[in-house]
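This report concerns only the one structure given below.
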Amino acid sequence: SPLYALQTVFTADNHAVHATSGDVYGVISLVFWSITMVVSVKYVTFIMRADNGGEGGIMALTALVQGARVKRNATKLMLVTLGILGASLFYGDGAITPAISVLSAVEGVKVAVPSLHSMVLPITVAVLTMLFAIQRYGTKLVGNLFGPVMAVWFGVLALLGIVEIAHHPDVIRALSPTYGARFFFHHGGVAFIALGSVVLAVTGAEALYADMGHFGRAPIRRAWFLLVFPALTLNCLAQGSLILRSPKSVSNPFFLLVPSWAQIPMVLLATVATVIASQAVISGAFSVSHQAVQLGFLPRLTVRHTSRREIGQIYVPGINAMLFAVVLAIVIGFGSSAALASAYGVAVTGTFILNTILFLAVARLLWHRPRRLIALGAAVFLTIEFSFFAANLTKVVHGGWLPLAIGAIVFTVLMTWRRGREIVSANRMREEGPLQDYIDNLNARRPPIQRVPRSEEHTSELQSL
């Protein structure tokens with residue numbers, strides 16, 4: 001998000017925010033508090049407490065709701081349907097994230113070596129092809145390869161932030177929520193439209209939760225609070241400082257923050273970092289698909305477990321191939337991260353809202369939290385997320401229809417498969433009778449069915465499995 005979030009806010013074709021101190025401070029305040037409330041508080045602190053056998057993501061919440069005791073079946077059906085809708089929107093988000101992330105990084109070539117601007121698309125396609133090709137080797141191998149790179153990436157973000165903030169330390173004041181409130185008070189309509197770009201700073205939050213089965217709750221929390229959140233905050237402040245010093249830098253504040261001699265290495269580092277960011281979304285798509293199969297919303301897919309220790313580390317070849325085809329089509333069709341920014345946000349904010357609703361349902365139905373706490377959580381988080389969603393509705397005609405269309409297709413497939421299974425099961429039961437009756441008849445049979453005793457070798461194999 002540091003690559004394109006602030007750039008999009010200040011360069012939007014319509015209702016662009018101006019590079020004045022009031023506007024810059026207001027936007028930084030909105031970005032910082034959006035990350036704080038949506039990622040730090042909602043996802044990392046609260047929602048990650050809800051897991052389904054270690055798995056995260058909206059399908060995990062759906063499974064928890066499906067297993068809860070509810071007085072009215074209609075309520076459970078509605079909640080499960082909302083969960084499936086949220087999972088469908090996540091696929092729409094998952095298709096755009098790799099495209100916009102890698103494109104925005106490779107576009108740094110235009111800043112460092114303008115003569116190579118025609119190579120942006122070919123390089124992006126090559127990088128994405130490599131990314132999807134290595135998925136078969138599993139999350140552990142990918143994590144061992146990418147982990148050190150991410151430490152360098154966030155370290156560089158923080159270093160760039162510290163150096164720039166030293167030139168304009170007053171920018172730290174922008175962390176106060178009063179600047180965001182003042183921005184809204186003075187620029188009502190423009191500020192509301194700007195929320196559609198501000199939300200780009202938090203678009204990876206759902207993937208963070210969906211990847212919980214791959215990496216674990218504790219490592220994600222430590223990485224977020226000790227490294228990622230501070231680095232993002234420092235870099236956001238630095239970009240704001242640069243824009244105040246040089247308003248023309250709104251064209252690409254991230255790469256213009258880097259000294260000219262380091263821009264080419266930064267393009268390479270950013271490209272690798274965005275590949276890893278895309279990896280998080282792809283892993284999340286594998287987890288959501290696996291859980292959809294277990295819940296009966298998808299046919300049985302080939303699922304390869306890539307770790308002997310972590311059950312959540314999986315690779316789903318079919319989903320990988322389909323996602324790769326869609327991502328390439330999006331990159332070639334839109335051609336630039338600026339064009340893709342208009343398509344980004346609608347599906348993400350819709351998923352945020354549905355995630356909040358399902359989490360509050362889990363907190364009430366399974367954890368029996370007091371109604372007043374549920375109401376408070378709904379008031380705080382849904383107010384923020386409905387504001388983001390409403391602001392992004394303006395993007396629908398400018399490309400926001402794409403993730404909605406992908407979500408609609410996925411939703412239709414999931415619900416159709418689930419309904420088909422119900423029809424087949426009902427027909428089978430009518431023809432053959434209930435399965436439990438068949439098992440009871442076998443157990444009651446006289447003489448009893450002969451059972452071949454297991455060998456010690458076979459028993460030890462089963463125990464090891």
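Residue numbering restarts at 1 for every chain of the structure tokens, chains are lettered A, B, ... in their displayed order, and ligands are numbered from 1 as they appear.
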
Quick one: everything within 7 Å of stretch 21-31 of chain A, counting only C-alpha atoms, minus sequence neighbours fewer than 6 positions away in the same chain. Send it as a short mmCIF file (atom, residue, chain, number, x, y, z; two decimals) with N, CA, C and O atoms, in the first residue's frame.
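Just written: result_31.cif:
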data_model
loop_
_atom_site.label_atom_id
_atom_site.label_comp_id
_atom_site.auth_asym_id
_atom_site.auth_seq_id
_atom_site.Cartn_x
_atom_site.Cartn_y
_atom_site.Cartn_z
N ALA A 174 0.32 15.04 12.39
CA ALA A 174 -0.76 14.50 11.57
C ALA A 174 -1.35 13.22 12.14
O ALA A 174 -2.43 12.79 11.73
N LEU A 175 -0.66 12.60 13.09
CA LEU A 175 -1.19 11.38 13.70
C LEU A 175 -2.38 11.67 14.61
O LEU A 175 -3.12 10.76 14.98
N SER A 176 -2.61 12.92 14.94
CA SER A 176 -3.76 13.29 15.76
C SER A 176 -5.05 13.13 14.97
O SER A 176 -5.13 13.58 13.81
N PRO A 177 -6.07 12.52 15.55
CA PRO A 177 -7.34 12.35 14.82
C PRO A 177 -8.03 13.67 14.54
O PRO A 177 -8.94 13.72 13.69
N TYR A 179 -6.93 16.19 12.96
CA TYR A 179 -6.68 16.64 11.59
C TYR A 179 -7.60 15.92 10.60
O TYR A 179 -8.06 16.53 9.63
N GLY A 180 -7.86 14.65 10.83
CA GLY A 180 -8.80 13.93 9.98
C GLY A 180 -10.20 14.50 10.11
O GLY A 180 -10.92 14.69 9.11
N PHE A 183 -10.35 17.83 8.38
CA PHE A 183 -10.36 17.62 6.93
C PHE A 183 -11.79 17.36 6.44
O PHE A 183 -12.23 17.91 5.42
N VAL A 198 -8.22 6.27 0.45
CA VAL A 198 -7.61 6.01 1.76
C VAL A 198 -7.70 4.53 2.12
O VAL A 198 -6.78 3.95 2.71
N ALA A 201 -4.98 1.74 1.85
CA ALA A 201 -3.94 1.49 2.85
C ALA A 201 -4.23 0.27 3.71
O ALA A 201 -3.34 -0.21 4.42
N CYS A 236 4.41 6.54 5.77
CA CYS A 236 3.27 7.40 5.44
C CYS A 236 3.55 8.85 5.83
O CYS A 236 3.30 9.78 5.05
N LEU A 237 4.08 9.05 7.02
CA LEU A 237 4.45 10.39 7.46
C LEU A 237 5.50 11.00 6.53
O LEU A 237 5.44 12.19 6.19
N GLY A 240 4.01 12.20 3.29
CA GLY A 240 3.32 13.46 3.52
C GLY A 240 4.30 14.63 3.62
O GLY A 240 4.06 15.71 3.06
N LEU A 244 4.61 17.96 1.05
CA LEU A 244 4.59 19.35 1.53
C LEU A 244 5.81 20.12 1.04
O LEU A 244 5.73 21.30 0.72
#

Which of stretch 212-388 of chain A end up as alpha helix (DSSP H) when DSSP is run on this backbone - answer as a PyMOL selection string? chain A and resi 212-215+217-223+229-245+253-256+263-294+317-334+337-341+346-365+371-377+383-388

So which one's closest to A:Val156, A:Val258, A:Leu298, A:Ile319, A:Val303? Using only C-alpha atoms, please.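 Between A:Val258, A:Leu298, A:Ile319, A:Val303, the residue approaching A:Val156 most closely is A:Val258.
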
Stretch 238-345 of chain A: which residues are strand (DSSP E or B) by DSSP, as a PDB file with N, CA and C atoms, in the first residue's frame?
ATOM      1  N   ARG A 304      -2.929 -30.206  -1.814  1.00  0.00           N
ATOM      2  CA  ARG A 304      -1.640 -30.785  -1.427  1.00  0.00           C
ATOM      3  C   ARG A 304      -1.145 -30.102  -0.156  1.00  0.00           C
ATOM      4  N   HIS A 305      -0.938 -30.904   0.870  1.00  0.00           N
ATOM      5  CA  HIS A 305      -0.399 -30.382   2.127  1.00  0.00           C
ATOM      6  C   HIS A 305       1.120 -30.298   1.984  1.00  0.00           C
ATOM      7  N   ILE A 314      -1.177 -25.335   2.624  1.00  0.00           N
ATOM      8  CA  ILE A 314      -1.679 -26.154   1.532  1.00  0.00           C
ATOM      9  C   ILE A 314      -1.445 -25.465   0.195  1.00  0.00           C
ATOM     10  N   TYR A 315      -1.571 -26.259  -0.864  1.00  0.00           N
ATOM     11  CA  TYR A 315      -1.485 -25.762  -2.239  1.00  0.00           C
ATOM     12  C   TYR A 315      -2.627 -26.384  -3.022  1.00  0.00           C
TER      13      TYR A 315
END

Which polymer residues have any atom within 10 Å of an atom of stretch 71-82 of chain A, counting only C-alpha atoms, with same-chain residues fewer than 5 positions away left out, as a ChimeraX atom specification? /A:58-59,61-66,87-88,351,353-355,357-358,361,411,415

For the residues selected in the previous step, produce a file with N, CA, C and O atoms as a PDB file, in the first residue's frame.
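The resulting file, part_39.pdb, is reproduced below:
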ATOM      1  N   ILE A  58     -12.878 -15.522   6.339  1.00  0.00           N
ATOM      2  CA  ILE A  58     -14.327 -15.420   6.491  1.00  0.00           C
ATOM      3  C   ILE A  58     -15.016 -16.782   6.434  1.00  0.00           C
ATOM      4  O   ILE A  58     -16.073 -16.979   7.035  1.00  0.00           O
ATOM      5  N   MET A  59     -14.413 -17.768   5.766  1.00  0.00           N
ATOM      6  CA  MET A  59     -15.010 -19.102   5.745  1.00  0.00           C
ATOM      7  C   MET A  59     -14.888 -19.762   7.112  1.00  0.00           C
ATOM      8  O   MET A  59     -15.722 -20.596   7.483  1.00  0.00           O
ATOM      9  N   LEU A  61     -15.177 -18.108   9.966  1.00  0.00           N
ATOM     10  CA  LEU A  61     -16.308 -17.526  10.694  1.00  0.00           C
ATOM     11  C   LEU A  61     -17.615 -18.170  10.255  1.00  0.00           C
ATOM     12  O   LEU A  61     -18.501 -18.421  11.073  1.00  0.00           O
ATOM     13  N   THR A  62     -17.738 -18.434   8.954  1.00  0.00           N
ATOM     14  CA  THR A  62     -18.949 -19.078   8.436  1.00  0.00           C
ATOM     15  C   THR A  62     -19.126 -20.463   9.043  1.00  0.00           C
ATOM     16  O   THR A  62     -20.239 -20.858   9.432  1.00  0.00           O
ATOM     17  N   ALA A  63     -18.032 -21.216   9.149  1.00  0.00           N
ATOM     18  CA  ALA A  63     -18.103 -22.551   9.750  1.00  0.00           C
ATOM     19  C   ALA A  63     -18.504 -22.474  11.214  1.00  0.00           C
ATOM     20  O   ALA A  63     -19.294 -23.301  11.703  1.00  0.00           O
ATOM     21  N   LEU A  64     -17.970 -21.483  11.944  1.00  0.00           N
ATOM     22  CA  LEU A  64     -18.324 -21.319  13.354  1.00  0.00           C
ATOM     23  C   LEU A  64     -19.807 -20.985  13.512  1.00  0.00           C
ATOM     24  O   LEU A  64     -20.491 -21.521  14.386  1.00  0.00           O
ATOM     25  N   VAL A  65     -20.300 -20.097  12.659  1.00  0.00           N
ATOM     26  CA  VAL A  65     -21.721 -19.738  12.704  1.00  0.00           C
ATOM     27  C   VAL A  65     -22.588 -20.933  12.346  1.00  0.00           C
ATOM     28  O   VAL A  65     -23.632 -21.181  12.965  1.00  0.00           O
ATOM     29  N   GLN A  66     -22.142 -21.720  11.370  1.00  0.00           N
ATOM     30  CA  GLN A  66     -22.915 -22.881  10.932  1.00  0.00           C
ATOM     31  C   GLN A  66     -23.033 -23.910  12.052  1.00  0.00           C
ATOM     32  O   GLN A  66     -24.037 -24.627  12.146  1.00  0.00           O
ATOM     33  N   ALA A  87     -16.843 -14.438   1.196  1.00  0.00           N
ATOM     34  CA  ALA A  87     -15.778 -15.251   0.600  1.00  0.00           C
ATOM     35  C   ALA A  87     -15.693 -15.004  -0.903  1.00  0.00           C
ATOM     36  O   ALA A  87     -14.596 -14.957  -1.478  1.00  0.00           O
ATOM     37  N   SER A  88     -16.832 -14.844  -1.544  1.00  0.00           N
ATOM     38  CA  SER A  88     -16.860 -14.585  -2.987  1.00  0.00           C
ATOM     39  C   SER A  88     -16.198 -13.251  -3.306  1.00  0.00           C
ATOM     40  O   SER A  88     -15.435 -13.136  -4.272  1.00  0.00           O
ATOM     41  N   THR A 351     -16.222  -7.036   1.963  1.00  0.00           N
ATOM     42  CA  THR A 351     -15.741  -8.152   2.788  1.00  0.00           C
ATOM     43  C   THR A 351     -15.529  -7.716   4.233  1.00  0.00           C
ATOM     44  O   THR A 351     -15.816  -8.459   5.172  1.00  0.00           O
ATOM     45  N   ILE A 353     -17.186  -5.461   5.915  1.00  0.00           N
ATOM     46  CA  ILE A 353     -18.496  -5.362   6.568  1.00  0.00           C
ATOM     47  C   ILE A 353     -19.021  -6.745   6.940  1.00  0.00           C
ATOM     48  O   ILE A 353     -19.470  -6.976   8.069  1.00  0.00           O
ATOM     49  N   LEU A 354     -18.958  -7.677   5.991  1.00  0.00           N
ATOM     50  CA  LEU A 354     -19.483  -9.026   6.243  1.00  0.00           C
ATOM     51  C   LEU A 354     -18.657  -9.740   7.308  1.00  0.00           C
ATOM     52  O   LEU A 354     -19.212 -10.494   8.125  1.00  0.00           O
ATOM     53  N   ASN A 355     -17.357  -9.516   7.316  1.00  0.00           N
ATOM     54  CA  ASN A 355     -16.507 -10.095   8.346  1.00  0.00           C
ATOM     55  C   ASN A 355     -16.905  -9.602   9.726  1.00  0.00           C
ATOM     56  O   ASN A 355     -16.971 -10.373  10.693  1.00  0.00           O
ATOM     57  N   ILE A 357     -19.845  -8.427  10.699  1.00  0.00           N
ATOM     58  CA  ILE A 357     -21.155  -8.974  11.064  1.00  0.00           C
ATOM     59  C   ILE A 357     -21.020 -10.409  11.564  1.00  0.00           C
ATOM     60  O   ILE A 357     -21.586 -10.786  12.604  1.00  0.00           O
ATOM     61  N   LEU A 358     -20.262 -11.224  10.843  1.00  0.00           N
ATOM     62  CA  LEU A 358     -20.104 -12.625  11.244  1.00  0.00           C
ATOM     63  C   LEU A 358     -19.332 -12.744  12.554  1.00  0.00           C
ATOM     64  O   LEU A 358     -19.659 -13.584  13.405  1.00  0.00           O
ATOM     65  N   ALA A 361     -21.577 -11.988  15.327  1.00  0.00           N
ATOM     66  CA  ALA A 361     -22.494 -13.116  15.522  1.00  0.00           C
ATOM     67  C   ALA A 361     -21.813 -14.235  16.307  1.00  0.00           C
ATOM     68  O   ALA A 361     -22.413 -14.840  17.210  1.00  0.00           O
ATOM     69  N   PHE A 411     -19.948 -16.529  -6.145  1.00  0.00           N
ATOM     70  CA  PHE A 411     -21.102 -16.738  -5.268  1.00  0.00           C
ATOM     71  C   PHE A 411     -22.111 -17.687  -5.916  1.00  0.00           C
ATOM     72  O   PHE A 411     -22.656 -18.584  -5.254  1.00  0.00           O
ATOM     73  N   MET A 415     -23.070 -21.330  -4.196  1.00  0.00           N
ATOM     74  CA  MET A 415     -24.443 -21.605  -3.770  1.00  0.00           C
ATOM     75  C   MET A 415     -25.098 -22.685  -4.631  1.00  0.00           C
ATOM     76  O   MET A 415     -25.878 -23.498  -4.128  1.00  0.00           O
TER      77      MET A 415
END

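Between atom CA of A:Glu107 and atom CA of A:Ile332 lies a distance of 14.1 Å.
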
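From atom CA of A:Ala210 back to atom CA of A:Ala60, the distance works out to 8.5 Å.
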
Please measure the separation of atom CA of A:Ala105 and atom CA of A:Thr271, giving the value in Å to one decimal.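 Interatomic distance here is 5.0 Å.
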
Can you pull out the residues contacting A:Thr11? Cut-off 9 Å, using only C-alpha atoms, and skip same-chain residues under 4 positions away; I want them as a ChimeraX atom specification. /A:6-7,16-18,250-251,338

Those residues with all heavy atoms, as a PDB file, in the first residue's frame please?
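Once everything was written out, this is result.pdb:
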ATOM      1  N   LEU A   6      -1.213   6.817  -1.051  1.00  0.00           N
ATOM      2  CA  LEU A   6      -1.192   8.282  -1.016  1.00  0.00           C
ATOM      3  C   LEU A   6      -1.137   8.881  -2.414  1.00  0.00           C
ATOM      4  O   LEU A   6      -1.737   9.930  -2.676  1.00  0.00           O
ATOM      5  CB  LEU A   6      -0.003   8.776  -0.192  1.00  0.00           C
ATOM      6  CG  LEU A   6      -0.122   8.622   1.326  1.00  0.00           C
ATOM      7  CD1 LEU A   6       1.089   9.222   2.021  1.00  0.00           C
ATOM      8  CD2 LEU A   6      -1.386   9.283   1.849  1.00  0.00           C
ATOM      9  N   GLN A   7      -0.432   8.227  -3.312  1.00  0.00           N
ATOM     10  CA  GLN A   7      -0.378   8.708  -4.690  1.00  0.00           C
ATOM     11  C   GLN A   7      -1.782   8.782  -5.285  1.00  0.00           C
ATOM     12  O   GLN A   7      -2.145   9.765  -5.948  1.00  0.00           O
ATOM     13  CB  GLN A   7       0.489   7.771  -5.529  1.00  0.00           C
ATOM     14  CG  GLN A   7       0.510   8.109  -7.013  1.00  0.00           C
ATOM     15  CD  GLN A   7       1.221   7.043  -7.836  1.00  0.00           C
ATOM     16  OE1 GLN A   7       1.831   6.121  -7.281  1.00  0.00           O
ATOM     17  NE2 GLN A   7       1.141   7.145  -9.139  1.00  0.00           N
ATOM     18  N   ALA A  16      -9.675  15.477  -6.639  1.00  0.00           N
ATOM     19  CA  ALA A  16      -8.329  15.250  -6.098  1.00  0.00           C
ATOM     20  C   ALA A  16      -8.083  16.160  -4.899  1.00  0.00           C
ATOM     21  O   ALA A  16      -8.509  17.309  -4.865  1.00  0.00           O
ATOM     22  CB  ALA A  16      -7.272  15.487  -7.171  1.00  0.00           C
ATOM     23  N   VAL A  17      -7.402  15.633  -3.921  1.00  0.00           N
ATOM     24  CA  VAL A  17      -7.037  16.400  -2.740  1.00  0.00           C
ATOM     25  C   VAL A  17      -5.819  17.248  -3.086  1.00  0.00           C
ATOM     26  O   VAL A  17      -4.927  16.814  -3.822  1.00  0.00           O
ATOM     27  CB  VAL A  17      -6.724  15.449  -1.565  1.00  0.00           C
ATOM     28  CG1 VAL A  17      -6.348  16.245  -0.325  1.00  0.00           C
ATOM     29  CG2 VAL A  17      -7.931  14.557  -1.286  1.00  0.00           C
ATOM     30  N   HIS A  18      -5.752  18.468  -2.565  1.00  0.00           N
ATOM     31  CA  HIS A  18      -4.646  19.367  -2.878  1.00  0.00           C
ATOM     32  C   HIS A  18      -3.486  19.160  -1.901  1.00  0.00           C
ATOM     33  O   HIS A  18      -3.673  18.710  -0.772  1.00  0.00           O
ATOM     34  CB  HIS A  18      -5.123  20.814  -2.837  1.00  0.00           C
ATOM     35  CG  HIS A  18      -6.224  21.103  -3.812  1.00  0.00           C
ATOM     36  ND1 HIS A  18      -6.040  21.072  -5.174  1.00  0.00           N
ATOM     37  CD2 HIS A  18      -7.539  21.406  -3.605  1.00  0.00           C
ATOM     38  CE1 HIS A  18      -7.171  21.353  -5.778  1.00  0.00           C
ATOM     39  NE2 HIS A  18      -8.107  21.561  -4.848  1.00  0.00           N
ATOM     40  N   VAL A 250       3.611  14.386  -5.835  1.00  0.00           N
ATOM     41  CA  VAL A 250       2.387  13.578  -5.734  1.00  0.00           C
ATOM     42  C   VAL A 250       2.299  12.566  -6.871  1.00  0.00           C
ATOM     43  O   VAL A 250       1.560  11.587  -6.780  1.00  0.00           O
ATOM     44  CB  VAL A 250       1.117  14.464  -5.724  1.00  0.00           C
ATOM     45  CG1 VAL A 250       1.079  15.351  -4.497  1.00  0.00           C
ATOM     46  CG2 VAL A 250       1.020  15.291  -7.001  1.00  0.00           C
ATOM     47  N   SER A 251       3.060  12.784  -7.952  1.00  0.00           N
ATOM     48  CA  SER A 251       3.025  11.851  -9.082  1.00  0.00           C
ATOM     49  C   SER A 251       3.507  10.463  -8.683  1.00  0.00           C
ATOM     50  O   SER A 251       3.042   9.464  -9.232  1.00  0.00           O
ATOM     51  CB  SER A 251       3.885  12.379 -10.234  1.00  0.00           C
ATOM     52  OG  SER A 251       5.236  12.513  -9.815  1.00  0.00           O
ATOM     53  N   ALA A 338      -2.740   2.909 -11.768  1.00  0.00           N
ATOM     54  CA  ALA A 338      -3.696   4.014 -11.604  1.00  0.00           C
ATOM     55  C   ALA A 338      -5.077   3.597 -12.082  1.00  0.00           C
ATOM     56  O   ALA A 338      -6.094   3.903 -11.443  1.00  0.00           O
ATOM     57  CB  ALA A 338      -3.207   5.234 -12.375  1.00  0.00           C
TER      58      ALA A 338
END

Just the residues within 9 Å of A:Ile330, please, counting only C-alpha atoms, with nothing from its chain fewer than 2 positions along; format it as a PyMOL selection string. chain A and resi 95-96+99+325-328+332-335+340

Mind dumping the selected residues with all heavy atoms as a compact mmCIF listing (two decimals), in the first residue's frame?
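And here's out_12.txt as it stands now:
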# COMPACT_ATOMS: atom_id res chain seq x y z
N ALA A 95 -7.99 -11.38 -6.90
CA ALA A 95 -7.57 -11.29 -8.30
C ALA A 95 -6.92 -9.94 -8.60
O ALA A 95 -6.02 -9.85 -9.45
CB ALA A 95 -8.78 -11.49 -9.22
N ILE A 96 -7.35 -8.88 -7.92
CA ILE A 96 -6.83 -7.54 -8.21
C ILE A 96 -5.54 -7.27 -7.44
O ILE A 96 -4.64 -6.58 -7.94
CB ILE A 96 -7.89 -6.48 -7.87
CG1 ILE A 96 -9.05 -6.61 -8.86
CG2 ILE A 96 -7.31 -5.08 -7.95
CD1 ILE A 96 -10.14 -5.58 -8.66
N ALA A 99 -2.24 -8.04 -9.17
CA ALA A 99 -2.10 -7.20 -10.36
C ALA A 99 -1.66 -5.79 -9.99
O ALA A 99 -0.68 -5.26 -10.53
CB ALA A 99 -3.43 -7.17 -11.13
N ALA A 325 -4.77 -17.04 -14.42
CA ALA A 325 -5.37 -16.61 -15.69
C ALA A 325 -6.13 -15.29 -15.52
O ALA A 325 -6.02 -14.38 -16.35
CB ALA A 325 -6.32 -17.70 -16.20
N VAL A 326 -6.87 -15.16 -14.43
CA VAL A 326 -7.65 -13.94 -14.19
C VAL A 326 -6.73 -12.75 -13.93
O VAL A 326 -6.95 -11.65 -14.45
CB VAL A 326 -8.62 -14.14 -13.01
CG1 VAL A 326 -9.32 -12.84 -12.65
CG2 VAL A 326 -9.66 -15.21 -13.35
N VAL A 327 -5.68 -12.96 -13.14
CA VAL A 327 -4.74 -11.87 -12.82
C VAL A 327 -4.06 -11.36 -14.09
O VAL A 327 -3.94 -10.14 -14.29
CB VAL A 327 -3.70 -12.33 -11.78
CG1 VAL A 327 -2.57 -11.31 -11.65
CG2 VAL A 327 -4.35 -12.54 -10.43
N LEU A 328 -3.60 -12.27 -14.94
CA LEU A 328 -2.97 -11.84 -16.19
C LEU A 328 -3.93 -11.05 -17.06
O LEU A 328 -3.56 -10.03 -17.66
CB LEU A 328 -2.45 -13.06 -16.97
CG LEU A 328 -1.12 -13.65 -16.55
CD1 LEU A 328 -0.62 -14.64 -17.60
CD2 LEU A 328 -0.06 -12.58 -16.34
N ILE A 332 -3.24 -7.09 -18.23
CA ILE A 332 -3.21 -6.71 -19.65
C ILE A 332 -4.37 -5.79 -19.99
O ILE A 332 -4.23 -4.83 -20.76
CB ILE A 332 -3.23 -7.97 -20.53
CG1 ILE A 332 -1.94 -8.79 -20.30
CG2 ILE A 332 -3.35 -7.61 -22.01
CD1 ILE A 332 -1.95 -10.15 -20.95
N GLY A 333 -5.54 -6.05 -19.39
CA GLY A 333 -6.72 -5.25 -19.69
C GLY A 333 -6.65 -3.84 -19.14
O GLY A 333 -7.03 -2.88 -19.82
N PHE A 334 -6.16 -3.66 -17.91
CA PHE A 334 -6.11 -2.32 -17.30
C PHE A 334 -4.82 -1.59 -17.62
O PHE A 334 -4.82 -0.38 -17.83
CB PHE A 334 -6.30 -2.43 -15.78
CG PHE A 334 -7.74 -2.61 -15.38
CD1 PHE A 334 -8.33 -3.87 -15.40
CD2 PHE A 334 -8.51 -1.53 -14.97
CE1 PHE A 334 -9.65 -4.04 -15.04
CE2 PHE A 334 -9.82 -1.69 -14.59
CZ PHE A 334 -10.40 -2.95 -14.62
N GLY A 335 -3.69 -2.29 -17.61
CA GLY A 335 -2.45 -1.70 -18.08
C GLY A 335 -1.66 -0.86 -17.12
O GLY A 335 -0.48 -0.61 -17.35
N LEU A 340 -6.15 0.50 -12.25
CA LEU A 340 -6.63 -0.56 -11.36
C LEU A 340 -7.11 -0.01 -10.02
O LEU A 340 -7.97 -0.60 -9.37
CB LEU A 340 -5.52 -1.58 -11.12
CG LEU A 340 -5.54 -2.81 -12.03
CD1 LEU A 340 -4.30 -3.66 -11.80
CD2 LEU A 340 -6.79 -3.63 -11.81

Stretch 79-165 of chain A near stretch 284-288 of chain A within 12 Å: what's each residue's closest atom pair and its distance in Å to one decimal, counting only C-alpha atoms, ordered by chain then ascending residue number, as JSON lines?
{"residue": "A:Gly83", "atom": "CA", "partner": "A:Val288", "partner_atom": "CA", "distance": 11.1}
{"residue": "A:Ile84", "atom": "CA", "partner": "A:Val288", "partner_atom": "CA", "distance": 10.1}
{"residue": "A:Gly86", "atom": "CA", "partner": "A:Val288", "partner_atom": "CA", "distance": 10.6}
{"residue": "A:Ala87", "atom": "CA", "partner": "A:Val288", "partner_atom": "CA", "distance": 7.1}
{"residue": "A:Ser88", "atom": "CA", "partner": "A:Val288", "partner_atom": "CA", "distance": 9.5}
{"residue": "A:Leu89", "atom": "CA", "partner": "A:Ala285", "partner_atom": "CA", "distance": 11.1}
{"residue": "A:Phe90", "atom": "CA", "partner": "A:Ala285", "partner_atom": "CA", "distance": 7.8}
{"residue": "A:Tyr91", "atom": "CA", "partner": "A:Ala285", "partner_atom": "CA", "distance": 6.8}
{"residue": "A:Gly92", "atom": "CA", "partner": "A:Ala285", "partner_atom": "CA", "distance": 10.2}
{"residue": "A:Asp93", "atom": "CA", "partner": "A:Ala285", "partner_atom": "CA", "distance": 9.9}
{"residue": "A:Gly94", "atom": "CA", "partner": "A:Ala285", "partner_atom": "CA", "distance": 7.0}
{"residue": "A:Ala95", "atom": "CA", "partner": "A:Ala285", "partner_atom": "CA", "distance": 9.6}
{"residue": "A:Thr97", "atom": "CA", "partner": "A:Ala285", "partner_atom": "CA", "distance": 11.7}
{"residue": "A:Gln135", "atom": "CA", "partner": "A:Phe286", "partner_atom": "CA", "distance": 10.3}
{"residue": "A:Arg136", "atom": "CA", "partner": "A:Phe286", "partner_atom": "CA", "distance": 11.5}
{"residue": "A:Gly138", "atom": "CA", "partner": "A:Phe286", "partner_atom": "CA", "distance": 11.1}
{"residue": "A:Thr139", "atom": "CA", "partner": "A:Phe286", "partner_atom": "CA", "distance": 10.8}

May I ask which of the residues A:Ala68, A:Leu3, A:Ala194, A:Val331 is the closest one to A:Leu121, counting only C-alpha atoms?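 Once distances to A:Leu121 are computed over only C-alpha atoms, the minimum belongs to A:Val331.
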
Hey, which of A:Met130, A:Leu365, A:Leu227, A:Leu232 ends up closest to A:Val202? Count only C-alpha atoms. A:Leu232

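Nearest residue to A:Leu157, choosing from A:Pro447, A:Pro122, A:Pro230, A:Pro247 and counting only C-alpha atoms: A:Pro230.
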
Contact residues around A:Tyr209 with only C-alpha atoms at 9 Å, ignoring same-chain residues under 2 positions, as a list of chain:residue names: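 Neighbouring residues, sequence-local ones excluded: A:Tyr43, A:Val44, A:Ile47, A:Met48, A:Glu55, A:Gly56, A:Gly57, A:Ile58, A:Ala205, A:Glu206, A:Ala207, A:Asp211, A:Met212, A:Gly213, A:Arg217, A:Ile220, A:Gly284.
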